[in-house]
Amino acid sequence: MAGFPSPSPGLRMPRPAAFGANPSGERMARIRRSPHFGDGVFQNPGGTARTRPSGSAREFAKIYFDREARTRRAPRGTVPVHPTTLADLAGPPATGLRLTWMGHSSVLAEIDGQRVLFDPVWGERCSPFPFAGPKRLHPAPVPLAALGPVDVVVISHDHYDHLDMPTIVALAGTDTVFAVPLGVGAHLEHWGVSADRLRELDWHESTRVGGLTLTATPARHFCGRGLRNTQHTLWASWVVAGEEHRVFHSGDTGYFDGFQDIGAAHGPFDATMIQLGAYAEFWPDIHMTPEEGVRAHLDLQGGRPGGALLPIHWGTFNLAPHAWAEPGEWTKDAAEEAGQAVAFPRPGEPFEPAGELPVEAWWRAVSGPIARPWCRPRSAEGVAEPSKGDLDLAGER
């Protein structure tokens with residue numbers, strides 16, 4: 001895990017349970033056989049991706065720890081969590097597909113009669129330690145135990161804000177199946193999930209659970225939970241297809257042209273869940289900006305607006321230098337320019353992509369100012385003019 005010094009060779013420390021377990025035995029043999037594993041590590045599509053902050057460490061620290069900037073990275077009031085989530089989920093979706101954003105990248109997808117829970121994180125901190133690390137900016141909309149049966153839990157990768165040990169331990173006592181990228185199963189088995197409930201996939205591999213087909217698809221990111229990041233667990237985006245509907249969850253990823261290939265092979269989608277928060281010019285290869293997130297959605301849809309885009313990976317944890325409300329505002333701008341429908345639910349607010357989408361900019365009531373106006377000024381021709389932030393980001397790419 002980046003940011004922790006490596007222990008000296010002669011010093012043995014107890015390994016925290018939250019670190020999980022390293023792949024070994026037949027699991028490690030399978031990893032070595034993967035066409036995406038080379039030089040002792042999993043490889044990203046499109047070449048090497050920078051996984052540590054680029055540029056000046058001093059400049060990064062100056063921005064990240066500046067007192068005024070830190071206040072902008074959190075809401076100024078109470079985040080409005082949807083109050084009636086459980087009641088709203090009591091009946092089946094009228095259209096056969098309903099999504100409920102639980103915050104960050106956690107989404108409950110009710111699709112063609114089955115329930116899929118993506119990247120469930122119910123813990124208070126995304127950290128191996130209960131006393132340190134980024135803390136939730138809003139509570140989980142519903143208790144995990146009250147959520148009811150889940151057919152499949154899908155994990156995109158093993159970072160703490162996507163794979164939460166307390167949540168997995170709680171789910172280990174249920175009948176759910178876990179679909180995870182190659183190598184990640186070692187963590188889950190270490191925490192009590194039996195091997196017969198694991199579906200561990202390499203990119204482009206699929207598994208059937210009930211009436212659903214789940215396919216692990218490429219992403220541009222990295223992995224690791226312990227003091228030494230061995231890069232022996234894969235990261236993935238996911239396609240889930242039922243008899244009538246199909247959805248896409250990006251996990252964490254930088255923008256790459258593989259979205260076009262995923263869309264051609266598996267799309268178009270009724271809805272996509274796209275990471276477009278926790279971006280920064282210091283790590284442009286592994287997270288997407290809102291503009292890139294909208295572009296990824298369009299790629300997945302064959303280059304045309306269609307389906308519903310649900311922004312994820314924002315609003316719940318403070319993980320990057322940008323203002324707390326910025327992903328919402330910038331996504332709203334970019335989607336309007338592209339003519340793409342976007343859902344902006346409050347945490348815990350269910351919606352059906354084929355129905356009326358929640359579009360209120362709810363974050364404005366509790367947000368401080370951001371570096372760009374709510375909407376970009378438009379030229380005389382009606383085209384949105386690039387902002388300084390756009391020009392800065394373009395210069396970084």
# chains A, B, ... in the order shown; residues from 1 in each chain; ligands from 1
$ residues_around --residues "stretch 213-220 of chain A" --least-positions-apart "2" --cutoff "6 Å" --atoms "only C-alpha atoms" --output "MDAnalysis selection string"
chainID A and resid 44 203:208 236:241 253:254 286
$ write_last_selection --atoms "N, CA, C and O atoms" --output "PDB file, in the first residue's frame"
ATOM      1  N   ASN A  44      -1.085  -3.497 -17.214  1.00  0.00           N
ATOM      2  CA  ASN A  44      -2.226  -2.696 -17.630  1.00  0.00           C
ATOM      3  C   ASN A  44      -2.394  -2.711 -19.144  1.00  0.00           C
ATOM      4  O   ASN A  44      -1.406  -2.839 -19.884  1.00  0.00           O
ATOM      5  N   TRP A 203      -9.539 -11.249 -16.944  1.00  0.00           N
ATOM      6  CA  TRP A 203     -10.226 -10.417 -17.926  1.00  0.00           C
ATOM      7  C   TRP A 203     -10.768 -11.281 -19.062  1.00  0.00           C
ATOM      8  O   TRP A 203     -10.128 -12.235 -19.505  1.00  0.00           O
ATOM      9  N   HIS A 204     -11.963 -10.971 -19.490  1.00  0.00           N
ATOM     10  CA  HIS A 204     -12.666 -11.635 -20.594  1.00  0.00           C
ATOM     11  C   HIS A 204     -13.225 -12.996 -20.214  1.00  0.00           C
ATOM     12  O   HIS A 204     -13.791 -13.680 -21.084  1.00  0.00           O
ATOM     13  N   GLU A 205     -13.115 -13.398 -18.954  1.00  0.00           N
ATOM     14  CA  GLU A 205     -13.755 -14.621 -18.501  1.00  0.00           C
ATOM     15  C   GLU A 205     -15.125 -14.304 -17.913  1.00  0.00           C
ATOM     16  O   GLU A 205     -15.344 -13.217 -17.374  1.00  0.00           O
ATOM     17  N   SER A 206     -16.053 -15.259 -18.024  1.00  0.00           N
ATOM     18  CA  SER A 206     -17.424 -15.063 -17.562  1.00  0.00           C
ATOM     19  C   SER A 206     -17.842 -16.190 -16.641  1.00  0.00           C
ATOM     20  O   SER A 206     -17.260 -17.287 -16.659  1.00  0.00           O
ATOM     21  N   THR A 207     -18.857 -15.912 -15.837  1.00  0.00           N
ATOM     22  CA  THR A 207     -19.473 -16.927 -14.987  1.00  0.00           C
ATOM     23  C   THR A 207     -20.967 -16.693 -14.973  1.00  0.00           C
ATOM     24  O   THR A 207     -21.425 -15.562 -15.164  1.00  0.00           O
ATOM     25  N   ARG A 208     -21.724 -17.760 -14.757  1.00  0.00           N
ATOM     26  CA  ARG A 208     -23.182 -17.664 -14.661  1.00  0.00           C
ATOM     27  C   ARG A 208     -23.602 -17.809 -13.213  1.00  0.00           C
ATOM     28  O   ARG A 208     -23.150 -18.713 -12.503  1.00  0.00           O
ATOM     29  N   ALA A 236     -10.413  -5.011 -12.215  1.00  0.00           N
ATOM     30  CA  ALA A 236     -11.316  -5.254 -13.345  1.00  0.00           C
ATOM     31  C   ALA A 236     -12.484  -4.296 -13.324  1.00  0.00           C
ATOM     32  O   ALA A 236     -12.874  -3.772 -12.282  1.00  0.00           O
ATOM     33  N   SER A 237     -13.040  -4.076 -14.505  1.00  0.00           N
ATOM     34  CA  SER A 237     -14.396  -3.551 -14.637  1.00  0.00           C
ATOM     35  C   SER A 237     -15.299  -4.761 -14.856  1.00  0.00           C
ATOM     36  O   SER A 237     -14.817  -5.872 -15.074  1.00  0.00           O
ATOM     37  N   TRP A 238     -16.630  -4.563 -14.786  1.00  0.00           N
ATOM     38  CA  TRP A 238     -17.534  -5.712 -14.840  1.00  0.00           C
ATOM     39  C   TRP A 238     -18.754  -5.433 -15.711  1.00  0.00           C
ATOM     40  O   TRP A 238     -19.332  -4.334 -15.657  1.00  0.00           O
ATOM     41  N   VAL A 239     -19.132  -6.443 -16.470  1.00  0.00           N
ATOM     42  CA  VAL A 239     -20.384  -6.445 -17.224  1.00  0.00           C
ATOM     43  C   VAL A 239     -21.303  -7.466 -16.568  1.00  0.00           C
ATOM     44  O   VAL A 239     -20.898  -8.611 -16.323  1.00  0.00           O
ATOM     45  N   VAL A 240     -22.529  -7.070 -16.277  1.00  0.00           N
ATOM     46  CA  VAL A 240     -23.539  -7.998 -15.760  1.00  0.00           C
ATOM     47  C   VAL A 240     -24.728  -7.951 -16.712  1.00  0.00           C
ATOM     48  O   VAL A 240     -25.333  -6.890 -16.912  1.00  0.00           O
ATOM     49  N   ALA A 241     -25.039  -9.105 -17.293  1.00  0.00           N
ATOM     50  CA  ALA A 241     -26.109  -9.181 -18.285  1.00  0.00           C
ATOM     51  C   ALA A 241     -27.157 -10.183 -17.839  1.00  0.00           C
ATOM     52  O   ALA A 241     -26.836 -11.327 -17.491  1.00  0.00           O
ATOM     53  N   THR A 253     -10.406   3.142 -12.730  1.00  0.00           N
ATOM     54  CA  THR A 253      -9.690   3.028 -13.998  1.00  0.00           C
ATOM     55  C   THR A 253      -9.339   4.397 -14.544  1.00  0.00           C
ATOM     56  O   THR A 253     -10.065   5.369 -14.323  1.00  0.00           O
ATOM     57  N   GLY A 254      -8.222   4.456 -15.242  1.00  0.00           N
ATOM     58  CA  GLY A 254      -7.961   5.598 -16.085  1.00  0.00           C
ATOM     59  C   GLY A 254      -8.677   5.421 -17.408  1.00  0.00           C
ATOM     60  O   GLY A 254      -9.129   4.311 -17.744  1.00  0.00           O
ATOM     61  N   ILE A 286      -4.772   6.460 -13.742  1.00  0.00           N
ATOM     62  CA  ILE A 286      -5.486   5.427 -12.993  1.00  0.00           C
ATOM     63  C   ILE A 286      -6.868   5.849 -12.492  1.00  0.00           C
ATOM     64  O   ILE A 286      -7.598   5.015 -11.966  1.00  0.00           O
TER      65      ILE A 286
END
$ residues_around --residues "A:Leu147" --least-positions-apart "5" --cutoff "12 Å" --atoms "only C-alpha atoms" --output "mmCIF file with N, CA, C and O atoms, in the first residue's frame"
data_model
loop_
_atom_site.group_PDB
_atom_site.id
_atom_site.type_symbol
_atom_site.label_atom_id
_atom_site.label_comp_id
_atom_site.auth_asym_id
_atom_site.auth_seq_id
_atom_site.Cartn_x
_atom_site.Cartn_y
_atom_site.Cartn_z
ATOM 1 N N THR A 85 -34.939 4.329 1.976
ATOM 2 C CA THR A 85 -34.362 3.350 1.057
ATOM 3 C C THR A 85 -35.008 1.980 1.194
ATOM 4 O O THR A 85 -35.411 1.361 0.195
ATOM 5 N N LEU A 86 -35.111 1.472 2.401
ATOM 6 C CA LEU A 86 -35.640 0.121 2.589
ATOM 7 C C LEU A 86 -37.086 0.012 2.116
ATOM 8 O O LEU A 86 -37.466 -0.978 1.481
ATOM 9 N N ALA A 87 -37.887 1.017 2.400
ATOM 10 C CA ALA A 87 -39.277 0.994 1.933
ATOM 11 C C ALA A 87 -39.338 1.026 0.412
ATOM 12 O O ALA A 87 -40.152 0.339 -0.215
ATOM 13 N N ASP A 88 -38.459 1.817 -0.202
ATOM 14 C CA ASP A 88 -38.456 1.931 -1.661
ATOM 15 C C ASP A 88 -37.994 0.652 -2.339
ATOM 16 O O ASP A 88 -38.343 0.391 -3.499
ATOM 17 N N LEU A 89 -37.202 -0.156 -1.622
ATOM 18 C CA LEU A 89 -36.699 -1.405 -2.186
ATOM 19 C C LEU A 89 -37.609 -2.597 -1.886
ATOM 20 O O LEU A 89 -37.310 -3.716 -2.307
ATOM 21 N N ALA A 90 -38.696 -2.354 -1.170
ATOM 22 C CA ALA A 90 -39.538 -3.461 -0.720
ATOM 23 C C ALA A 90 -40.196 -4.203 -1.878
ATOM 24 O O ALA A 90 -40.400 -5.418 -1.823
ATOM 25 N N THR A 100 -29.368 1.412 -6.884
ATOM 26 C CA THR A 100 -29.330 2.205 -5.657
ATOM 27 C C THR A 100 -27.877 2.452 -5.296
ATOM 28 O O THR A 100 -27.147 1.519 -4.944
ATOM 29 N N MET A 102 -25.189 3.458 -2.917
ATOM 30 C CA MET A 102 -25.032 3.492 -1.467
ATOM 31 C C MET A 102 -23.912 4.424 -1.025
ATOM 32 O O MET A 102 -23.636 4.553 0.166
ATOM 33 N N VAL A 107 -22.944 -0.027 -5.142
ATOM 34 C CA VAL A 107 -24.227 0.084 -5.824
ATOM 35 C C VAL A 107 -24.959 -1.253 -5.721
ATOM 36 O O VAL A 107 -24.370 -2.311 -5.980
ATOM 37 N N LEU A 108 -26.232 -1.204 -5.358
ATOM 38 C CA LEU A 108 -27.101 -2.370 -5.431
ATOM 39 C C LEU A 108 -27.835 -2.309 -6.769
ATOM 40 O O LEU A 108 -28.559 -1.356 -7.044
ATOM 41 N N ARG A 115 -30.313 -9.777 -7.427
ATOM 42 C CA ARG A 115 -29.713 -8.616 -6.751
ATOM 43 C C ARG A 115 -28.197 -8.757 -6.748
ATOM 44 O O ARG A 115 -27.648 -9.753 -6.269
ATOM 45 N N VAL A 116 -27.533 -7.733 -7.268
ATOM 46 C CA VAL A 116 -26.079 -7.711 -7.376
ATOM 47 C C VAL A 116 -25.570 -6.506 -6.594
ATOM 48 O O VAL A 116 -26.047 -5.384 -6.790
ATOM 49 N N LEU A 117 -24.610 -6.728 -5.724
ATOM 50 C CA LEU A 117 -24.045 -5.655 -4.896
ATOM 51 C C LEU A 117 -22.600 -5.434 -5.311
ATOM 52 O O LEU A 117 -21.746 -6.310 -5.138
ATOM 53 N N PRO A 120 -19.159 -3.396 -2.102
ATOM 54 C CA PRO A 120 -19.827 -2.946 -0.873
ATOM 55 C C PRO A 120 -18.834 -2.513 0.205
ATOM 56 O O PRO A 120 -17.975 -3.287 0.625
ATOM 57 N N TRP A 122 -19.253 -0.756 3.825
ATOM 58 C CA TRP A 122 -20.091 -0.228 4.896
ATOM 59 C C TRP A 122 -19.253 0.254 6.076
ATOM 60 O O TRP A 122 -19.793 0.781 7.030
ATOM 61 N N ALA A 140 -23.767 5.131 5.911
ATOM 62 C CA ALA A 140 -24.365 4.212 4.949
ATOM 63 C C ALA A 140 -25.876 4.396 4.974
ATOM 64 O O ALA A 140 -26.473 4.526 6.051
ATOM 65 N N PRO A 141 -26.520 4.433 3.823
ATOM 66 C CA PRO A 141 -27.960 4.731 3.791
ATOM 67 C C PRO A 141 -28.822 3.727 4.547
ATOM 68 O O PRO A 141 -29.874 4.098 5.076
ATOM 69 N N VAL A 142 -28.410 2.459 4.578
ATOM 70 C CA VAL A 142 -29.172 1.427 5.291
ATOM 71 C C VAL A 142 -28.180 0.489 5.965
ATOM 72 O O VAL A 142 -27.057 0.312 5.483
ATOM 73 N N ALA A 170 -19.150 -9.766 7.286
ATOM 74 C CA ALA A 170 -20.595 -9.822 7.526
ATOM 75 C C ALA A 170 -21.303 -10.602 6.418
ATOM 76 O O ALA A 170 -22.205 -11.396 6.680
ATOM 77 N N LEU A 171 -20.893 -10.400 5.181
ATOM 78 C CA LEU A 171 -21.522 -11.089 4.059
ATOM 79 C C LEU A 171 -21.103 -12.549 3.961
ATOM 80 O O LEU A 171 -21.788 -13.360 3.330
ATOM 81 N N THR A 174 -23.643 -15.193 4.856
ATOM 82 C CA THR A 174 -24.857 -15.322 4.038
ATOM 83 C C THR A 174 -24.615 -16.356 2.941
ATOM 84 O O THR A 174 -23.563 -16.989 2.885
ATOM 85 N N GLY A 348 -28.402 6.320 -1.363
ATOM 86 C CA GLY A 348 -29.525 5.513 -0.922
ATOM 87 C C GLY A 348 -30.811 5.719 -1.700
ATOM 88 O O GLY A 348 -31.813 5.075 -1.403
#
$ residues_around --residues "A:Arg30" --least-positions-apart "6" --cutoff "12 Å" --atoms "only C-alpha atoms" --output "list in words"
Pro23, Ser24, His36, Phe37, Leu182, Gly183, Glu200, Leu201, Asp202, His232, Thr233 and Leu234 of chain A
$ write_last_selection --atoms "C-alpha atoms" --output "JSON list (two decimals), in the first residue's frame"
[["chain", "number", "residue", "atom", "x", "y", "z"],
["A", 23, "PRO", "CA", -2.15, -15.63, -3.49],
["A", 24, "SER", "CA", -0.33, -18.94, -3.30],
["A", 36, "HIS", "CA", -2.11, -10.31, -18.57],
["A", 37, "PHE", "CA", 0.68, -11.25, -16.15],
["A", 182, "LEU", "CA", -8.05, -13.17, -10.30],
["A", 183, "GLY", "CA", -6.09, -13.36, -7.04],
["A", 200, "GLU", "CA", -12.50, -15.77, -9.56],
["A", 201, "LEU", "CA", -12.05, -14.41, -13.08],
["A", 202, "ASP", "CA", -9.36, -13.13, -15.39],
["A", 232, "HIS", "CA", -0.43, -10.23, -7.74],
["A", 233, "THR", "CA", -4.16, -9.42, -7.61],
["A", 234, "LEU", "CA", -5.99, -8.25, -10.70]]
$ select_by_dssp --residues "stretch 121-260 of chain A" --states "helix (DSSP H, G or I)" --output "VMD selection string"
chain A and resid 144 to 146 165 to 172 185 to 190 195 to 197 258 to 260
$ closest_residue --among "A:Ala308, A:Ala323, A:Leu300, A:Met165" --to "A:Tyr279" --atoms "only C-alpha atoms"
A:Ala323
$ select_by_dssp --residues "stretch 177-290 of chain A" --states "strand (DSSP E or B)" --output "PyMOL selection string"
chain A and resi 177-181+198-201+206-209+212-217+237-241+246-249+271-275
$ write_last_selection --atoms "N, CA, C and O atoms" --output "compact mmCIF listing (two decimals), in the first residue's frame"
# COMPACT_ATOMS: atom_id res chain seq x y z
N VAL A 177 -22.91 -15.37 -3.53
CA VAL A 177 -21.75 -15.74 -4.32
C VAL A 177 -20.90 -14.49 -4.51
O VAL A 177 -21.43 -13.38 -4.63
N PHE A 178 -19.58 -14.65 -4.56
CA PHE A 178 -18.67 -13.53 -4.74
C PHE A 178 -17.97 -13.67 -6.09
O PHE A 178 -17.31 -14.68 -6.35
N ALA A 179 -18.12 -12.67 -6.95
CA ALA A 179 -17.40 -12.61 -8.22
C ALA A 179 -16.26 -11.60 -8.07
O ALA A 179 -16.51 -10.43 -7.78
N VAL A 180 -15.02 -12.06 -8.26
CA VAL A 180 -13.85 -11.22 -7.97
C VAL A 180 -12.81 -11.40 -9.06
O VAL A 180 -12.77 -12.42 -9.74
N PRO A 181 -11.92 -10.41 -9.23
CA PRO A 181 -10.81 -10.59 -10.18
C PRO A 181 -9.80 -11.62 -9.67
O PRO A 181 -9.72 -11.90 -8.47
N LEU A 198 -16.82 -18.70 -4.43
CA LEU A 198 -16.00 -17.74 -5.16
C LEU A 198 -16.05 -18.02 -6.66
O LEU A 198 -15.97 -19.17 -7.09
N ARG A 199 -16.19 -16.97 -7.43
CA ARG A 199 -16.03 -17.02 -8.88
C ARG A 199 -14.90 -16.04 -9.20
O ARG A 199 -15.10 -14.84 -9.24
N GLU A 200 -13.71 -16.59 -9.43
CA GLU A 200 -12.50 -15.77 -9.56
C GLU A 200 -12.10 -15.72 -11.03
O GLU A 200 -11.74 -16.75 -11.62
N LEU A 201 -12.15 -14.52 -11.63
CA LEU A 201 -12.05 -14.41 -13.08
C LEU A 201 -10.89 -13.55 -13.54
O LEU A 201 -10.55 -12.53 -12.92
N SER A 206 -16.05 -15.26 -18.02
CA SER A 206 -17.42 -15.06 -17.56
C SER A 206 -17.84 -16.19 -16.64
O SER A 206 -17.26 -17.29 -16.66
N THR A 207 -18.86 -15.91 -15.84
CA THR A 207 -19.47 -16.93 -14.99
C THR A 207 -20.97 -16.69 -14.97
O THR A 207 -21.42 -15.56 -15.16
N ARG A 208 -21.72 -17.76 -14.76
CA ARG A 208 -23.18 -17.66 -14.66
C ARG A 208 -23.60 -17.81 -13.21
O ARG A 208 -23.15 -18.71 -12.50
N VAL A 209 -24.46 -16.91 -12.76
CA VAL A 209 -25.07 -17.00 -11.44
C VAL A 209 -26.56 -16.80 -11.64
O VAL A 209 -27.01 -15.70 -11.98
N LEU A 212 -27.98 -14.61 -14.57
CA LEU A 212 -27.07 -13.54 -14.93
C LEU A 212 -25.75 -14.09 -15.46
O LEU A 212 -25.25 -15.11 -14.98
N THR A 213 -25.17 -13.36 -16.41
CA THR A 213 -23.80 -13.63 -16.87
C THR A 213 -22.93 -12.46 -16.42
O THR A 213 -23.22 -11.30 -16.75
N LEU A 214 -21.89 -12.77 -15.66
CA LEU A 214 -20.97 -11.75 -15.16
C LEU A 214 -19.63 -11.94 -15.86
O LEU A 214 -19.07 -13.04 -15.88
N THR A 215 -19.12 -10.85 -16.45
CA THR A 215 -17.87 -10.90 -17.20
C THR A 215 -16.89 -9.87 -16.64
O THR A 215 -17.24 -8.69 -16.51
N ALA A 216 -15.68 -10.32 -16.33
CA ALA A 216 -14.62 -9.40 -15.91
C ALA A 216 -14.00 -8.79 -17.17
O ALA A 216 -13.59 -9.52 -18.08
N THR A 217 -13.94 -7.49 -17.22
CA THR A 217 -13.40 -6.78 -18.38
C THR A 217 -12.24 -5.90 -17.94
O THR A 217 -12.08 -5.59 -16.76
N SER A 237 -13.04 -4.08 -14.51
CA SER A 237 -14.40 -3.55 -14.64
C SER A 237 -15.30 -4.76 -14.86
O SER A 237 -14.82 -5.87 -15.07
N TRP A 238 -16.63 -4.56 -14.79
CA TRP A 238 -17.53 -5.71 -14.84
C TRP A 238 -18.75 -5.43 -15.71
O TRP A 238 -19.33 -4.33 -15.66
N VAL A 239 -19.13 -6.44 -16.47
CA VAL A 239 -20.38 -6.45 -17.22
C VAL A 239 -21.30 -7.47 -16.57
O VAL A 239 -20.90 -8.61 -16.32
N VAL A 240 -22.53 -7.07 -16.28
CA VAL A 240 -23.54 -8.00 -15.76
C VAL A 240 -24.73 -7.95 -16.71
O VAL A 240 -25.33 -6.89 -16.91
N ALA A 241 -25.04 -9.11 -17.29
CA ALA A 241 -26.11 -9.18 -18.29
C ALA A 241 -27.16 -10.18 -17.84
O ALA A 241 -26.84 -11.33 -17.49
N ARG A 246 -28.68 -5.12 -19.21
CA ARG A 246 -27.25 -5.27 -18.98
C ARG A 246 -26.69 -3.96 -18.43
O ARG A 246 -27.11 -2.86 -18.82
N VAL A 247 -25.75 -4.10 -17.49
CA VAL A 247 -25.14 -2.93 -16.85
C VAL A 247 -23.62 -3.10 -16.83
O VAL A 247 -23.11 -4.21 -16.98
N PHE A 248 -22.94 -1.98 -16.63
CA PHE A 248 -21.47 -1.95 -16.59
C PHE A 248 -21.03 -1.20 -15.36
O PHE A 248 -21.56 -0.13 -15.06
N HIS A 249 -20.05 -1.75 -14.63
CA HIS A 249 -19.44 -1.09 -13.46
C HIS A 249 -17.96 -0.96 -13.76
O HIS A 249 -17.27 -1.95 -14.01
N ALA A 271 -27.49 0.88 -18.33
CA ALA A 271 -26.91 1.82 -17.38
C ALA A 271 -25.43 1.49 -17.19
O ALA A 271 -25.03 0.33 -17.25
N THR A 272 -24.65 2.52 -16.97
CA THR A 272 -23.25 2.34 -16.59
C THR A 272 -23.00 3.04 -15.26
O THR A 272 -23.62 4.07 -14.96
N MET A 273 -22.13 2.46 -14.46
CA MET A 273 -21.68 3.04 -13.20
C MET A 273 -20.21 3.38 -13.40
O MET A 273 -19.36 2.49 -13.49
N ILE A 274 -19.91 4.67 -13.51
CA ILE A 274 -18.59 5.11 -13.98
C ILE A 274 -17.86 5.89 -12.90
O ILE A 274 -18.37 6.87 -12.35
N GLN A 275 -16.62 5.48 -12.62
CA GLN A 275 -15.75 6.20 -11.68
C GLN A 275 -15.34 7.53 -12.29
O GLN A 275 -14.73 7.57 -13.35
$ atom_distance --atom1 "atom CA of A:Asp299" --atom2 "atom CA of A:Trp324"
26.6 Å
$ closest_residue --among "A:Glu292, A:Glu352, A:Asp158, A:Asp257" --to "A:Ala335" --atoms "only C-alpha atoms"
A:Glu292
$ residues_around --residues "A:Gly123" --least-positions-apart "4" --cutoff "12 Å" --atoms "only C-alpha atoms" --output "number ranges by chain"
A: 18, 103-104, 106, 119, 127-131, 133-140, 143-144, 160-170, 316-317
